[in-house]
Amino acid sequence: MTDSKPEAFIRTLRLKVKQEAYPWLEAAAVEVNQVWNWCNEVSLDAADRCRRSQPRFLSGFDLDKLSAAASEYFEHIGADTIQRVNHEYASKRRAAKRVRLRWRVSRGTRKSLGWVPFKAASLKRKGRGVRLCGKSFRVFESERLEEARWRDGCFAQDALGSWWLCLPVFVARKEFPASGLVAGVDLGCHHTAVTSGNERLESRCYRKLERKISQAQRRAHRHQAKRLHRRAAQQRRDALHKFSTLLVRRYGQIFVGNVSAPKLARTRMAKSVLDACWGMLRTQLEYKCQQAAREFAVIDERYTTQVCGNCGALTGPAGVGQLVVRQWECVDCGVVHDRDVDAARNILSAGLRWRASVRGNELPPLSACRARHPRPCEAGISAQRRAA
Ligand SMILES: [Zn+2]
């Protein structure tokens, strides 16, 4: 590996806050909502005033100036939290390309989930917990905070009303023994992921709990339904972490297909697709590979289920109608394939071909990998445009 790679990486710790701090956090979240709604109003007003000419949008720094010394009107939050809200508002508004964003609601059934951001310097260590704005917080798994260097973070509430401390921290590079093994990973609905070495991850957490969730919903046990949803999400995250860590430990190079979840989530397979969490698995593999100095790339996976890995003929099952076919025999060479393993092997060989064609040692980032494989029609169109 070259020396240019950073030796420290940023990971977000998510630690549950102990219950005694919830009332304080609830009150602070109401104040944060007030600041957010003030930003919304001021920003809309500023854009309105110059509507005739060019609408002018306020930046985070503009909002900082306008809200100077506002912290004396708040009981819980300080100036740094107000500034974090200002900047977050400005960047969200810019990204949404809208004149104003949705209001944050503090009460009633449409209450926004609580959120209290802070700057790194204002969060202090206190014993085994932390301290913010004169208030101490105890967290579960507090040993993970020991010797951690953190950046700007936040307290965030989940749908069940529990509060979590979300803290980006610097972590050092993990040293795994070098591995010459390579793997292709096929993402699917039946199994979330199958590798070319036939490791399988079956993560159907929501499907397993679906019946209980629908029962709870029919009985109007809303809290119970939310708890079950959270359990499904936790089980899914746990399974994905274990699987991705296993792959990164074992393999030196990992190639994953570029199947798009948002597109398939609009079809009848939506539930299975969202339950599989391909995006989360890809993200985990990417950062874990980076952290362990392994190679990772996203590969165009078109035709990988149809191509016979043995002879290269397009004889496999094609289309949505043949998703039920899990095993098939190549009519050209007669080899029997497991659909997923064959696809994973094809992704692996496509990855190795792509790897050989890239010069130098450095892999491009994920976005560059995706851009590197334009669909033939798109490439054709852009070529035509250039000619015209
Ligand atoms: Zn064949």
# chains A, B, ... in the order shown; residues from 1 in each chain; ligands from 1
call {"tool": "residues_near_ligand", "arguments": {"ligand": "ligand 1", "cutoff": "10 Å", "atoms": "only C-alpha atoms and all ligand atoms", "output": "NGL selection string"}}
result
:A and (307-316 or 329-337)
call {"tool": "write_last_selection", "arguments": {"atoms": "N, CA and C atoms", "output": "PDB file, in the first residue's frame"}}
result
ATOM      1  N   VAL A 307     -24.944 -15.172 -17.608  1.00  0.00           N
ATOM      2  CA  VAL A 307     -23.753 -15.733 -18.244  1.00  0.00           C
ATOM      3  C   VAL A 307     -23.328 -17.022 -17.539  1.00  0.00           C
ATOM      4  N   CYS A 308     -23.010 -18.028 -18.319  1.00  0.00           N
ATOM      5  CA  CYS A 308     -22.475 -19.267 -17.742  1.00  0.00           C
ATOM      6  C   CYS A 308     -21.018 -19.016 -17.374  1.00  0.00           C
ATOM      7  N   GLY A 309     -20.685 -19.258 -16.115  1.00  0.00           N
ATOM      8  CA  GLY A 309     -19.335 -18.994 -15.648  1.00  0.00           C
ATOM      9  C   GLY A 309     -18.297 -19.907 -16.280  1.00  0.00           C
ATOM     10  N   ASN A 310     -18.756 -21.018 -16.833  1.00  0.00           N
ATOM     11  CA  ASN A 310     -17.846 -22.005 -17.389  1.00  0.00           C
ATOM     12  C   ASN A 310     -17.488 -21.705 -18.841  1.00  0.00           C
ATOM     13  N   CYS A 311     -18.532 -21.457 -19.695  1.00  0.00           N
ATOM     14  CA  CYS A 311     -18.254 -21.275 -21.123  1.00  0.00           C
ATOM     15  C   CYS A 311     -18.517 -19.859 -21.604  1.00  0.00           C
ATOM     16  N   GLY A 312     -19.208 -19.030 -20.794  1.00  0.00           N
ATOM     17  CA  GLY A 312     -19.428 -17.642 -21.175  1.00  0.00           C
ATOM     18  C   GLY A 312     -20.633 -17.426 -22.069  1.00  0.00           C
ATOM     19  N   ALA A 313     -21.477 -18.468 -22.262  1.00  0.00           N
ATOM     20  CA  ALA A 313     -22.669 -18.299 -23.101  1.00  0.00           C
ATOM     21  C   ALA A 313     -23.798 -17.687 -22.277  1.00  0.00           C
ATOM     22  N   LEU A 314     -24.683 -16.937 -22.952  1.00  0.00           N
ATOM     23  CA  LEU A 314     -25.818 -16.310 -22.260  1.00  0.00           C
ATOM     24  C   LEU A 314     -26.966 -17.304 -22.165  1.00  0.00           C
ATOM     25  N   THR A 315     -26.824 -18.299 -21.293  1.00  0.00           N
ATOM     26  CA  THR A 315     -27.829 -19.363 -21.263  1.00  0.00           C
ATOM     27  C   THR A 315     -28.601 -19.411 -19.957  1.00  0.00           C
ATOM     28  N   GLY A 316     -28.309 -18.504 -19.033  1.00  0.00           N
ATOM     29  CA  GLY A 316     -28.943 -18.542 -17.706  1.00  0.00           C
ATOM     30  C   GLY A 316     -30.326 -17.949 -17.702  1.00  0.00           C
ATOM     31  N   GLU A 329     -29.028 -25.430 -15.675  1.00  0.00           N
ATOM     32  CA  GLU A 329     -27.989 -26.170 -16.390  1.00  0.00           C
ATOM     33  C   GLU A 329     -27.713 -25.455 -17.706  1.00  0.00           C
ATOM     34  N   CYS A 330     -26.431 -25.230 -18.000  1.00  0.00           N
ATOM     35  CA  CYS A 330     -26.064 -24.538 -19.232  1.00  0.00           C
ATOM     36  C   CYS A 330     -26.305 -25.476 -20.422  1.00  0.00           C
ATOM     37  N   VAL A 331     -27.101 -25.006 -21.401  1.00  0.00           N
ATOM     38  CA  VAL A 331     -27.405 -25.877 -22.546  1.00  0.00           C
ATOM     39  C   VAL A 331     -26.187 -26.047 -23.462  1.00  0.00           C
ATOM     40  N   ASP A 332     -25.237 -25.122 -23.365  1.00  0.00           N
ATOM     41  CA  ASP A 332     -24.053 -25.221 -24.226  1.00  0.00           C
ATOM     42  C   ASP A 332     -23.037 -26.222 -23.713  1.00  0.00           C
ATOM     43  N   CYS A 333     -22.691 -26.107 -22.414  1.00  0.00           N
ATOM     44  CA  CYS A 333     -21.619 -26.966 -21.896  1.00  0.00           C
ATOM     45  C   CYS A 333     -22.100 -27.985 -20.874  1.00  0.00           C
ATOM     46  N   GLY A 334     -23.365 -27.871 -20.428  1.00  0.00           N
ATOM     47  CA  GLY A 334     -23.929 -28.875 -19.552  1.00  0.00           C
ATOM     48  C   GLY A 334     -23.555 -28.765 -18.089  1.00  0.00           C
ATOM     49  N   VAL A 335     -22.899 -27.680 -17.685  1.00  0.00           N
ATOM     50  CA  VAL A 335     -22.535 -27.514 -16.276  1.00  0.00           C
ATOM     51  C   VAL A 335     -23.751 -27.001 -15.511  1.00  0.00           C
ATOM     52  N   VAL A 336     -23.991 -27.582 -14.317  1.00  0.00           N
ATOM     53  CA  VAL A 336     -25.116 -27.135 -13.491  1.00  0.00           C
ATOM     54  C   VAL A 336     -24.625 -26.036 -12.550  1.00  0.00           C
ATOM     55  N   HIS A 337     -25.346 -24.905 -12.534  1.00  0.00           N
ATOM     56  CA  HIS A 337     -24.934 -23.761 -11.718  1.00  0.00           C
ATOM     57  C   HIS A 337     -25.929 -23.499 -10.608  1.00  0.00           C
TER      58      HIS A 337
END
call {"tool": "select_by_dssp", "arguments": {"residues": "region 14-233 of chain A", "states": "alpha helix (DSSP H)", "output": "VMD selection string"}}
result
chain A and resid 22 to 49 60 to 66 79 to 96 205 to 218 222 to 233
call {"tool": "closest_residue", "arguments": {"among": "A:Val194, A:Thr109, A:His229, A:Trp354", "to": "Lys212 (chain A)", "atoms": "only C-alpha atoms"}}
result
A:His229
call {"tool": "residues_around", "arguments": {"residues": "region 289-297 of chain A", "least_positions_apart": "5", "cutoff": "7 Å", "atoms": "only C-alpha atoms", "output": "ChimeraX atom specification"}}
result
/A:9,173-176,248,252-256,366,369
call {"tool": "residues_around", "arguments": {"residues": "Val35 (chain A)", "least_positions_apart": "3", "cutoff": "9 Å", "atoms": "only C-alpha atoms", "output": "MDAnalysis selection string"}}
result
chainID A and resid 30:32 38:40 67 82 85:86
call {"tool": "select_by_dssp", "arguments": {"residues": "region 190-305 of chain A", "states": "strand (DSSP E)", "output": "list in words"}}
result
Ala193, Val194, Thr195, Arg200, Leu201, Gln253, Ile254, Phe255, Val256, Gly257, Glu295, Phe296, Ala297, Val298 and Ile299 of chain A
call {"tool": "residues_around", "arguments": {"residues": "Arg11 (chain A)", "least_positions_apart": "6", "cutoff": "7 Å", "atoms": "only C-alpha atoms", "output": "PyMOL selection string"}}
result
chain A and resi 168-171
call {"tool": "write_last_selection", "arguments": {"atoms": "C-alpha atoms", "output": "short mmCIF file (atom, residue, chain, number, x, y, z; two decimals), in the first residue's frame"}}
result
data_model
loop_
_atom_site.label_atom_id
_atom_site.label_comp_id
_atom_site.auth_asym_id
_atom_site.auth_seq_id
_atom_site.Cartn_x
_atom_site.Cartn_y
_atom_site.Cartn_z
CA PRO A 168 -18.04 10.68 15.15
CA VAL A 169 -14.68 9.49 16.50
CA PHE A 170 -11.27 8.92 14.99
CA VAL A 171 -10.23 5.28 14.78
#
call {"tool": "closest_residue", "arguments": {"among": "A:Ile10, A:Ile347, A:Val259, A:Val105", "to": "Arg151 (chain A)", "atoms": "only C-alpha atoms"}}
result
A:Ile10
call {"tool": "residues_around", "arguments": {"residues": "region 271-286 of chain A", "least_positions_apart": "3", "cutoff": "6 Å", "atoms": "only C-alpha atoms", "output": "ChimeraX atom specification"}}
result
/A:189,192,244,289
call {"tool": "residues_around", "arguments": {"residues": "region 195-198 of chain A", "least_positions_apart": "6", "cutoff": "6 Å", "atoms": "only C-alpha atoms", "output": "list in words"}}
result
Ala183, Gly184, Val185, Val341, Ala344 and Arg345 of chain A
call {"tool": "write_last_selection", "arguments": {"atoms": "C-alpha atoms", "output": "PDB file, in the first residue's frame"}}
result
ATOM      1  CA  ALA A 183     -14.298 -12.580  -3.629  1.00  0.00           C
ATOM      2  CA  GLY A 184     -17.239 -11.450  -5.726  1.00  0.00           C
ATOM      3  CA  VAL A 185     -20.488 -10.712  -3.902  1.00  0.00           C
ATOM      4  CA  VAL A 341     -22.839 -18.449  -6.759  1.00  0.00           C
ATOM      5  CA  ALA A 344     -20.958 -13.921  -7.698  1.00  0.00           C
ATOM      6  CA  ARG A 345     -18.212 -15.676  -9.697  1.00  0.00           C
TER       7      ARG A 345
END
call {"tool": "closest_residue", "arguments": {"among": "A:Leu167, A:Val130, A:Ala318, A:Leu240", "to": "Ser142 (chain A)", "atoms": "only C-alpha atoms"}}
result
A:Val130
call {"tool": "closest_residue", "arguments": {"among": "A:Phe118, A:Phe137, A:Tyr89, A:Tyr206", "to": "Ile77 (chain A)", "atoms": "only C-alpha atoms"}}
result
A:Phe118
call {"tool": "closest_residue", "arguments": {"among": "A:Val182, A:Asp158, A:Leu132, A:Tyr303", "to": "Lys226 (chain A)", "atoms": "only C-alpha atoms"}}
result
A:Asp158
call {"tool": "atom_distance", "arguments": {"atom1": "CA of Gln34 (chain A)", "atom2": "CA of Arg104 (chain A)"}}
result
7.9 Å
call {"tool": "closest_residue", "arguments": {"among": "A:Cys133, A:Leu145, A:Leu209, A:Leu160", "to": "Trp24 (chain A)", "atoms": "only C-alpha atoms"}}
result
A:Cys133
